[in-house]
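Everything below belongs to model-v6.txt, which stores compact mmCIF, C-alpha atoms and all ligand atoms.
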# COMPACT_ATOMS: atom_id res chain seq x y z
CA MET A 1 -12.56 -13.05 13.10
CA ALA A 2 -13.32 -11.76 9.59
CA THR A 3 -15.97 -13.72 7.74
CA GLU A 4 -15.67 -14.63 4.06
CA GLU A 5 -18.10 -11.81 3.33
CA ILE A 6 -15.86 -9.24 5.09
CA ARG A 7 -12.80 -10.50 3.17
CA LYS A 8 -14.70 -10.08 -0.09
CA LYS A 9 -15.81 -6.56 0.87
CA VAL A 10 -12.20 -5.60 1.70
CA GLN A 11 -10.96 -6.95 -1.66
CA GLU A 12 -13.69 -5.08 -3.54
CA LEU A 13 -12.89 -1.81 -1.72
CA ARG A 14 -9.17 -2.20 -2.50
CA LYS A 15 -9.88 -2.83 -6.18
CA GLU A 16 -12.19 0.19 -6.38
CA ILE A 17 -9.74 2.47 -4.53
CA ARG A 18 -6.88 1.33 -6.81
CA HIS A 19 -9.02 2.07 -9.87
CA HIS A 20 -9.98 5.58 -8.75
CA SER A 21 -6.41 6.37 -7.60
CA TYR A 22 -5.17 5.36 -11.06
CA LEU A 23 -7.73 7.63 -12.76
CA TYR A 24 -6.86 10.54 -10.45
CA TYR A 25 -3.05 10.33 -10.25
CA VAL A 26 -2.00 8.59 -13.48
CA LYS A 27 -4.71 9.65 -15.99
CA ASP A 28 -5.56 12.96 -14.26
CA ALA A 29 -9.21 12.08 -15.07
CA PRO A 30 -11.15 11.26 -11.85
CA GLU A 31 -14.67 9.83 -12.26
CA ILE A 32 -15.83 10.36 -8.66
CA THR A 33 -15.56 13.31 -6.27
CA ASP A 34 -12.88 13.48 -3.57
CA TYR A 35 -15.72 13.14 -1.05
CA GLU A 36 -16.87 9.83 -2.60
CA PHE A 37 -13.25 8.61 -2.76
CA ASP A 38 -12.64 9.51 0.91
CA HIS A 39 -15.79 7.59 1.84
CA LEU A 40 -14.47 4.43 0.09
CA TYR A 41 -11.08 4.87 1.72
CA ARG A 42 -12.59 5.42 5.18
CA GLN A 43 -14.61 2.19 4.85
CA LEU A 44 -11.39 0.25 4.10
CA VAL A 45 -9.47 1.88 6.96
CA ASP A 46 -12.28 1.04 9.40
CA LEU A 47 -12.53 -2.60 8.24
CA GLU A 48 -8.75 -3.06 8.49
CA LYS A 49 -8.82 -1.53 11.98
CA GLU A 50 -11.60 -3.92 13.03
CA TYR A 51 -9.89 -6.92 11.36
CA PRO A 52 -6.11 -6.23 11.47
CA GLU A 53 -5.40 -9.76 10.24
CA LEU A 54 -6.71 -8.59 6.83
CA VAL A 55 -4.06 -5.86 6.37
CA THR A 56 -1.53 -6.62 3.56
CA PRO A 57 1.53 -4.48 2.58
CA ASP A 58 -0.03 -3.80 -0.85
CA SER A 59 -3.29 -2.43 0.58
CA PRO A 60 -3.95 1.19 -0.53
CA THR A 61 -3.93 2.12 3.18
CA GLN A 62 -0.24 1.12 3.46
CA ARG A 63 1.31 3.84 1.31
CA VAL A 64 2.66 5.91 4.17
CA GLY A 65 3.10 3.15 6.68
CA GLY A 66 6.85 2.60 6.72
CA LYS A 67 8.92 3.38 9.76
CA ALA A 68 11.80 5.82 9.52
CA SER A 69 15.02 3.99 8.79
CA ASP A 70 18.49 5.03 9.92
CA ASP A 71 20.10 3.78 6.71
CA PHE A 72 19.20 2.03 3.48
CA GLY A 73 20.10 -1.61 2.90
CA LYS A 74 22.02 -2.48 -0.27
CA VAL A 75 20.50 -4.92 -2.77
CA ARG A 76 22.15 -6.48 -5.85
CA PHE A 77 19.96 -6.53 -8.99
CA ARG A 78 19.28 -9.74 -10.90
CA LYS A 79 19.97 -7.77 -14.09
CA PRO A 80 22.22 -4.65 -14.19
CA MET A 81 20.70 -1.24 -14.93
CA LEU A 82 22.67 0.07 -17.90
CA SER A 83 23.38 3.74 -18.46
CA LEU A 84 23.45 5.55 -21.82
CA ALA A 85 26.23 6.84 -24.07
CA ASN A 86 25.71 10.51 -24.97
CA ALA A 87 25.43 12.24 -28.35
CA PHE A 88 25.77 16.03 -28.60
CA SER A 89 25.16 16.60 -32.32
CA ALA A 90 23.13 15.32 -35.26
CA ASP A 91 26.28 13.91 -36.82
CA GLU A 92 26.97 11.84 -33.71
CA LEU A 93 23.46 10.40 -34.12
CA ARG A 94 24.29 9.59 -37.76
CA ASP A 95 27.46 7.83 -36.59
CA PHE A 96 25.34 5.83 -34.11
CA ASP A 97 22.94 4.92 -36.94
CA ARG A 98 25.89 3.75 -39.11
CA ARG A 99 27.25 1.54 -36.29
CA VAL A 100 23.79 0.05 -35.67
CA LYS A 101 23.24 -0.79 -39.38
CA GLU A 102 26.74 -2.28 -39.64
CA GLY A 103 26.20 -4.35 -36.48
CA LEU A 104 22.88 -5.68 -37.81
CA GLY A 105 23.94 -5.98 -41.45
CA VAL A 106 20.86 -4.03 -42.58
CA ASN A 107 20.37 -0.75 -44.40
CA SER A 108 17.32 0.48 -42.47
CA VAL A 109 16.37 0.30 -38.77
CA GLU A 110 13.26 1.35 -36.86
CA TYR A 111 14.02 3.65 -33.90
CA ILE A 112 11.84 4.84 -31.04
CA THR A 113 12.50 8.13 -29.23
CA GLU A 114 11.49 8.99 -25.65
CA LEU A 115 11.96 12.21 -23.70
CA LYS A 116 14.90 11.82 -21.32
CA ILE A 117 13.32 12.54 -17.92
CA ASP A 118 15.72 14.35 -15.59
CA GLY A 119 15.08 12.48 -12.37
CA LEU A 120 16.64 9.45 -10.75
CA SER A 121 16.24 5.97 -12.08
CA MET A 122 14.71 3.24 -9.95
CA ASN A 123 14.27 -0.50 -9.99
CA LEU A 124 10.83 -1.66 -8.71
CA ILE A 125 10.46 -5.36 -7.89
CA TYR A 126 6.99 -6.92 -8.23
CA GLU A 127 6.17 -10.48 -7.10
CA ASN A 128 2.75 -11.82 -8.12
CA GLY A 129 1.67 -8.25 -8.74
CA SER A 130 2.70 -6.85 -5.33
CA LEU A 131 5.43 -4.24 -5.01
CA VAL A 132 8.03 -5.85 -2.74
CA GLN A 133 11.06 -3.58 -3.18
CA GLY A 134 11.94 -0.13 -4.49
CA LEU A 135 15.65 0.28 -5.20
CA THR A 136 17.72 3.25 -6.34
CA ARG A 137 19.94 2.62 -9.37
CA GLY A 138 23.15 2.98 -7.31
CA ASP A 139 26.11 1.90 -9.47
CA GLY A 140 23.84 -0.02 -11.85
CA ARG A 141 24.44 -3.35 -10.11
CA VAL A 142 23.74 -2.67 -6.42
CA GLY A 143 21.07 -0.19 -5.32
CA GLU A 144 19.72 1.15 -2.01
CA ASP A 145 16.46 -0.12 -0.58
CA VAL A 146 14.12 2.89 -0.33
CA THR A 147 10.90 0.83 -0.47
CA ALA A 148 9.11 2.70 2.33
CA ASN A 149 9.66 5.99 0.48
CA VAL A 150 8.77 4.60 -2.95
CA LYS A 151 5.43 3.36 -1.57
CA THR A 152 4.42 6.97 -0.90
CA ILE A 153 4.54 7.81 -4.66
CA HIS A 154 0.95 7.65 -5.97
CA THR A 155 1.96 6.96 -9.59
CA ILE A 156 3.70 3.76 -8.46
CA PRO A 157 1.12 0.94 -8.12
CA LEU A 158 1.34 -1.11 -4.89
CA TYR A 159 -0.53 -3.95 -6.61
CA ILE A 160 -0.88 -4.78 -10.33
CA GLU A 161 -3.71 -7.03 -11.61
CA ASN A 162 -2.84 -9.78 -14.15
CA ALA A 163 0.87 -9.32 -13.45
CA PRO A 164 3.42 -12.10 -14.17
CA PRO A 165 4.99 -14.00 -11.22
CA TYR A 166 8.11 -11.78 -11.24
CA MET A 167 8.85 -8.43 -12.85
CA GLU A 168 11.37 -5.60 -12.40
CA VAL A 169 9.95 -2.27 -13.61
CA ARG A 170 12.48 0.47 -14.29
CA GLY A 171 11.84 4.15 -14.69
CA GLU A 172 12.54 7.65 -13.43
CA VAL A 173 11.33 9.21 -10.17
CA TYR A 174 10.93 12.94 -10.75
CA MET A 175 9.55 16.04 -9.06
CA PRO A 176 7.05 18.07 -11.14
CA ARG A 177 8.22 21.68 -11.60
CA LYS A 178 5.19 23.09 -9.76
CA SER A 179 6.06 21.04 -6.66
CA PHE A 180 9.73 22.03 -6.93
CA ILE A 181 8.87 25.75 -6.92
CA THR A 182 6.47 25.37 -3.95
CA LEU A 183 9.04 23.29 -2.03
CA ASN A 184 11.77 25.89 -2.51
CA GLU A 185 9.42 28.69 -1.40
CA GLU A 186 8.67 26.71 1.78
CA ARG A 187 12.38 26.08 2.35
CA ASP A 188 13.16 29.74 1.82
CA GLU A 189 10.54 30.73 4.41
CA ALA A 190 12.02 28.18 6.81
CA GLY A 191 15.50 29.62 6.25
CA LEU A 192 16.65 26.40 4.51
CA MET A 193 18.88 26.18 1.42
CA PRO A 194 16.79 25.79 -1.77
CA PHE A 195 17.28 22.73 -4.00
CA ALA A 196 19.26 23.62 -7.16
CA ASN A 197 16.91 21.77 -9.55
CA CYS A 198 14.07 19.25 -9.76
CA ARG A 199 16.45 16.32 -9.97
CA ASN A 200 18.28 17.20 -6.75
CA ALA A 201 14.94 17.84 -5.03
CA ALA A 202 13.67 14.41 -6.14
CA ALA A 203 16.87 12.67 -5.02
CA GLY A 204 16.83 14.46 -1.65
CA SER A 205 13.15 13.64 -1.17
CA LEU A 206 13.58 9.97 -2.03
CA ARG A 207 16.53 9.51 0.31
CA GLN A 208 14.67 10.81 3.33
CA LEU A 209 14.94 8.55 6.38
CA ASP A 210 11.32 9.35 7.29
CA PRO A 211 8.71 8.25 4.66
CA HIS A 212 6.29 10.89 5.98
CA VAL A 213 8.64 13.57 4.64
CA THR A 214 8.86 11.82 1.24
CA ALA A 215 5.05 11.57 1.17
CA SER A 216 4.82 15.38 1.45
CA ARG A 217 7.08 15.99 -1.58
CA ASN A 218 4.62 15.02 -4.39
CA LEU A 219 7.09 12.83 -6.31
CA ALA A 220 6.01 11.00 -9.48
CA PHE A 221 7.33 8.16 -11.67
CA PHE A 222 7.59 7.50 -15.43
CA ALA A 223 8.15 3.81 -16.30
CA TYR A 224 10.25 3.02 -19.39
CA ALA A 225 11.94 -0.39 -19.12
CA LEU A 226 11.76 -3.86 -17.66
CA GLY A 227 14.64 -5.64 -15.93
CA ASP A 228 14.43 -9.36 -15.16
CA MET A 229 10.97 -10.87 -15.65
CA GLN A 230 9.18 -14.20 -15.80
CA GLY A 231 6.08 -14.95 -17.83
CA LEU A 232 6.07 -11.96 -20.18
CA GLU A 233 6.59 -12.14 -23.96
CA ILE A 234 7.50 -8.67 -25.29
CA HIS A 235 9.14 -8.04 -28.68
CA SER A 236 9.76 -4.28 -28.92
CA GLN A 237 10.17 -1.11 -26.87
CA GLU A 238 6.84 0.20 -28.17
CA GLU A 239 5.12 -3.01 -27.03
CA LEU A 240 6.86 -2.71 -23.65
CA LEU A 241 5.61 0.85 -23.13
CA LYS A 242 2.06 -0.24 -24.00
CA GLN A 243 2.34 -3.17 -21.58
CA LEU A 244 3.52 -0.82 -18.80
CA GLU A 245 0.53 1.43 -19.53
CA ALA A 246 -1.73 -1.63 -19.31
CA PHE A 247 -0.25 -2.35 -15.86
CA HIS A 248 -1.35 1.19 -14.90
CA PHE A 249 2.10 2.78 -14.74
CA GLN A 250 2.52 6.36 -15.87
CA VAL A 251 4.39 6.17 -19.19
CA ASN A 252 5.57 9.39 -20.78
CA PRO A 253 3.22 9.80 -23.78
CA ASN A 254 5.75 11.64 -25.99
CA TYR A 255 7.34 8.53 -27.48
CA ARG A 256 7.42 8.07 -31.25
CA LYS A 257 8.70 5.53 -33.80
CA TRP A 258 10.88 6.61 -36.76
CA ASP A 259 12.05 4.64 -39.79
CA SER A 260 15.24 6.69 -40.23
CA ILE A 261 17.82 8.61 -38.19
CA GLU A 262 16.87 11.77 -40.15
CA GLY A 263 13.38 11.45 -38.67
CA VAL A 264 14.89 11.03 -35.21
CA ILE A 265 16.95 14.21 -35.72
CA LYS A 266 13.79 16.10 -36.74
CA GLY A 267 12.07 14.90 -33.54
CA VAL A 268 15.07 15.84 -31.40
CA ASN A 269 15.11 19.37 -32.83
CA GLU A 270 11.36 19.82 -32.29
CA TRP A 271 11.54 18.80 -28.62
CA GLU A 272 14.56 21.01 -27.88
CA VAL A 273 12.04 23.88 -27.81
CA LYS A 274 8.72 22.13 -26.99
CA ARG A 275 10.10 20.55 -23.79
CA HIS A 276 10.00 23.87 -21.91
CA ASP A 277 6.18 23.72 -21.95
CA LEU A 278 6.19 20.42 -20.05
CA GLY A 279 5.49 20.26 -16.29
CA TYR A 280 8.75 18.40 -15.57
CA ASP A 281 12.46 18.66 -16.42
CA THR A 282 14.07 16.77 -19.29
CA ASP A 283 17.74 16.86 -20.24
CA GLY A 284 17.57 15.23 -23.66
CA MET A 285 16.01 12.52 -25.81
CA VAL A 286 16.64 8.76 -25.60
CA ILE A 287 16.94 6.99 -28.96
CA LYS A 288 16.46 3.20 -28.97
CA VAL A 289 16.38 0.50 -31.61
CA ASN A 290 12.72 -0.55 -31.28
CA ASP A 291 12.97 -4.29 -32.03
CA PHE A 292 14.15 -6.43 -29.09
CA ALA A 293 15.70 -9.15 -31.28
CA GLN A 294 17.86 -6.45 -32.88
CA GLN A 295 18.71 -5.00 -29.43
CA ASN A 296 19.90 -8.46 -28.32
CA GLN A 297 21.91 -8.89 -31.53
CA LEU A 298 23.72 -5.57 -30.87
CA GLY A 299 24.25 -6.24 -27.15
CA ALA A 300 25.92 -3.87 -24.69
CA THR A 301 29.34 -2.73 -23.46
CA VAL A 302 30.04 -3.22 -19.76
CA LYS A 303 27.93 -0.12 -19.01
CA ASP A 304 25.95 1.06 -22.06
CA PRO A 305 23.67 -0.64 -24.59
CA LYS A 306 24.90 -0.51 -28.21
CA TRP A 307 21.25 -0.12 -29.31
CA ALA A 308 20.51 3.17 -27.52
CA MET A 309 21.90 6.70 -27.19
CA ALA A 310 21.01 9.76 -25.14
CA TYR A 311 20.97 12.98 -27.16
CA LYS A 312 21.77 15.72 -24.63
CA TYR A 313 20.42 19.25 -25.00
CA PRO A 314 22.88 22.02 -24.06
CA PRO A 315 22.21 23.16 -20.44
CA GLU A 316 20.01 26.25 -20.21
CA GLU A 317 21.85 29.55 -20.02
CA VAL A 318 21.10 30.41 -16.41
CA GLU A 319 20.97 34.21 -16.19
CA THR A 320 23.47 34.88 -13.50
CA LYS A 321 23.08 38.35 -12.00
CA VAL A 322 26.79 39.07 -12.20
CA GLU A 323 28.06 42.66 -12.28
CA ARG A 324 30.41 42.94 -15.24
CA ILE A 325 33.48 44.49 -13.60
CA ILE A 326 35.18 46.52 -16.28
CA VAL A 327 38.89 46.57 -15.55
CA THR A 328 40.36 49.68 -17.16
N1 LIG B 1 15.87 9.11 -18.21
C1 LIG B 1 15.08 8.51 -19.11
O1 LIG B 1 14.04 9.05 -19.50
C2 LIG B 1 15.44 7.15 -19.65
C3 LIG B 1 14.65 6.51 -20.64
N2 LIG B 1 13.55 7.11 -21.17
N3 LIG B 1 14.99 5.28 -21.08
C4 LIG B 1 16.08 4.65 -20.57
O2 LIG B 1 16.37 3.42 -21.04
C5 LIG B 1 17.34 2.63 -20.33
C6 LIG B 1 17.10 1.20 -20.67
C7 LIG B 1 18.40 0.61 -21.07
C8 LIG B 1 19.42 1.69 -21.13
C9 LIG B 1 18.76 2.99 -20.74
N4 LIG B 1 16.88 5.21 -19.63
C10 LIG B 1 16.58 6.46 -19.17
O3 LIG B 1 17.40 7.00 -18.24
C11 LIG B 1 18.64 6.30 -17.99
C12 LIG B 1 18.65 5.63 -16.66
C13 LIG B 1 20.11 5.60 -16.22
C14 LIG B 1 20.87 6.51 -17.12
C15 LIG B 1 19.83 7.22 -17.96
O4 LIG B 1 19.44 8.41 -17.29
Would you mind writing the file out in structure tokens?
Amino acid sequence: MATEEIRKKVQELRKEIRHHSYLYYVKDAPEITDYEFDHLYRQLVDLEKEYPELVTPDSPTQRVGGKASDDFGKVRFRKPMLSLANAFSADELRDFDRRVKEGLGVNSVEYITELKIDGLSMNLIYENGSLVQGLTRGDGRVGEDVTANVKTIHTIPLYIENAPPYMEVRGEVYMPRKSFITLNEERDEAGLMPFANCRNAAAGSLRQLDPHVTASRNLAFFAYALGDMQGLEIHSQEELLKQLEAFHFQVNPNYRKWDSIEGVIKGVNEWEVKRHDLGYDTDGMVIKVNDFAQQNQLGATVKDPKWAMAYKYPPEEVETKVERIIVT
């Protein structure tokens, strides 16, 4: 039977392992060597083996613990996951800006832009800080339970300190380009079809029936929204992103506030080129009214918010090696 002292030691080890995992995976700035980390981890594994009654689902040792499932249960969200209306030109963004100002009865609005990550959106349910469910977006109202696979993603915390009693964290699961290239090389060598793009590779990796396969795919997660929540007072998208960072989620750092749509358009044009230097795929920019009171005033249609738009970049010209057959 574990003594109080053993329980305390296990809690301390978990806290330390969470801290160093965060520094390594989310901040890419480890403070200890892999050897020192492995030593901490080994101590926790040994204590949990000796005292199995101490094991909890949110222990760092439980990332790749799930059994293979033969299908994914369906779960209805407390709050729907909206999608985004698309804009394909600067003028369409100006039209959006006009509608927003009209709807609010103002002549200036603060926007925030975020890169549009090209992955698949997820709904993560946290109760008292512990991750209890990881759900795909599905049709926006009912998603699939892929919790065992989500737990293998190191940039998704299994336990969050100082979390509210209930919180739904929403964001994008994506596959870094480096991992995508390596995966396709491995598939090619194994005589398997390659994945067409990072997004398909991420979706295929997340919907694996065996979590051990998902764990080998090096998936990652950018958080960008909250669904239903209790005990959190947040007033703007910028504040929300900072709160998600404080909870140790990976938040894409390339967000920026603008006090006019002309500024937004400048940002959109800059990133059309700069985004190719990133280590992950994007397919546009998301433009949001920053203030939450204004978002609520504008509301949403049955599927899209009236306070946000996705500006889509034209798809890359994929050089297709096609012989030009000249018909004479
Ligand atoms: N893909 C993204 O990077 C992204 C983002 N940065 N921010 C949001 O905000 C949500 C919140 C309310 C409406 C859209 N959504 C995103 O992706 C959505 C998920 C589903 C459809 C879009 O891809």
Selected residue of minimal separation from Pro314 in chain A among A:Val251, A:Ile160, A:Ala87, A:Ile112, counting all atoms listed in the file: A:Ala87
Give, as lines of an AutoDock Vina configuration file, the centre coordinates and the x, y and z edge lengths in Å to one decimal for an axis-aligned box around all listed atoms of range 152-165 of chain A, padded by 5 Å on each side.
center_x = 0.6
center_y = -3.1
center_z = -7.5
size_x = 18.7
size_y = 31.8
size_z = 23.3
Selection within 9 Å of ligand LIG 1 (chain B) by all atoms listed in the file, output as number ranges by chain: A: 81-85, 113-122, 137, 140, 170-172, 222-227, 252, 255, 282-288, 303-305, 307-310
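The residue set within 10 Å of Gln62 in chain A, counting all atoms listed in the file and dropping same-chain residues fewer than 3 places from it, reads Val45, Val55, Thr56, Pro57, Asp58, Ser59, Gly65, Gly66, Ala148, Lys151, Thr152 and Leu158 of chain A.
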Two-atom distance - CA of Leu44 in chain A, CA of Leu206 in chain A (Å): 27.5 Å
Straight-line distance linking CA of Ala201 in chain A with CA of Asp145 in chain A, stated in Å to one decimal: 18.6 Å
Kindly provide the residues of range 187-289 of chain A that approach range 176-180 of chain A to within 8 Å, each paired with its closest atom pair and their distance in Å to one decimal, based on all atoms listed in the file, listed by chain and increasing number, as CSV.
residue,atom,partner,partner_atom,distance
A:Asn197,CA,A:Phe180,CA,7.6
A:Cys198,CA,A:Phe180,CA,5.9
A:Ala201,CA,A:Phe180,CA,7.0
A:Arg217,CA,A:Ser179,CA,7.2
A:Asn218,CA,A:Ser179,CA,6.6
A:Leu219,CA,A:Pro176,CA,7.1
A:Ala220,CA,A:Pro176,CA,7.3
A:Gly279,CA,A:Arg177,CA,5.6
A:Tyr280,CA,A:Pro176,CA,4.8
A:Asp281,CA,A:Arg177,CA,7.1
Selection as a PyMOL selection string: residues within 12 Å of (13.6, -14.3, -18.5), counting all atoms listed in the file: chain A and resi 78-79+164-168+226-234
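Residue nearest Glu144 in chain A, chosen from A:Val109, A:Val26, A:Leu124, A:Val75 and counting all atoms listed in the file: A:Val75.
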One-decimal distance in Å that lies between CA of Ser236 in chain A and CA of Gln294 in chain A: 9.3 Å
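Each of A:Val169, A:Leu298, A:Leu13, A:Ile181 was checked against Gly129 in chain A using all atoms listed in the file; the smallest atom-to-atom distance is that of A:Val169.
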Closest of A:Glu4, A:Tyr22, A:Ile261, A:Val213 to Tyr159 in chain A - atom-to-atom distances counting only C-alpha atoms: A:Tyr22
Long-range neighbours of Glu53 in chain A as a PyMOL selection string, 9 Å cut-off, all atoms listed in the file, 5 positions minimum in chain: chain A and resi 1-2+48
